[in-house]
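S.K.: Before I ask anything, let me first share the structure, which is written out below as structure tokens.
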Amino acid sequence: MLRLSVEGGGGSGFQYRYGLAESIEADDTVSETDGVKLVVDAMSLDLVAGCVVDFVESLGGTAFKVENPNAVAGCGCGSSFAV
């Protein structure tokens, strides 16, 4: 399972963190698409509500991309945002 969380920092105020989730905690929210589970903790959920998370491949490499409708600003690399 992929864990998505939000932490303070980055160029725009908040930054996304990705990791592997070994288990689901009691306050986690789980979303599943095409057999892939995305786990989000309760504190991060408000900041990523309505987001679309995708895995993209390009000439620059591969990465997870978050399209966040709550973000009012973001950095050029897409790893940090402001609300």
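Every chain in the structure tokens takes a letter, A first, then B, and so on in the order presented; its residues are numbered from 1, and the ligands are numbered from 1 following the presented order.
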Do a neighbour search on segment 50-65 of chain A at 12 Å with only C-alpha atoms, toss out local chain neighbours closer than 2 positions, and write the hits as a ChimeraX atom specification.
M.R.: /A:2-5,16-19,31-34,36-40,44-48,67-71,77-80
S.K.: So how many Å separate atom CA of Asp28 of chain A and atom CA of Phe81 of chain A, to one decimal?
M.R.: 21.9 Å
S.K.: What does the structure give for the distance between atom CA of Val83 of chain A and atom CA of Gln15 of chain A, in Å to one decimal?
M.R.: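 Taking atom CA of Val83 of chain A and atom CA of Gln15 of chain A, their separation equals 11.3 Å.
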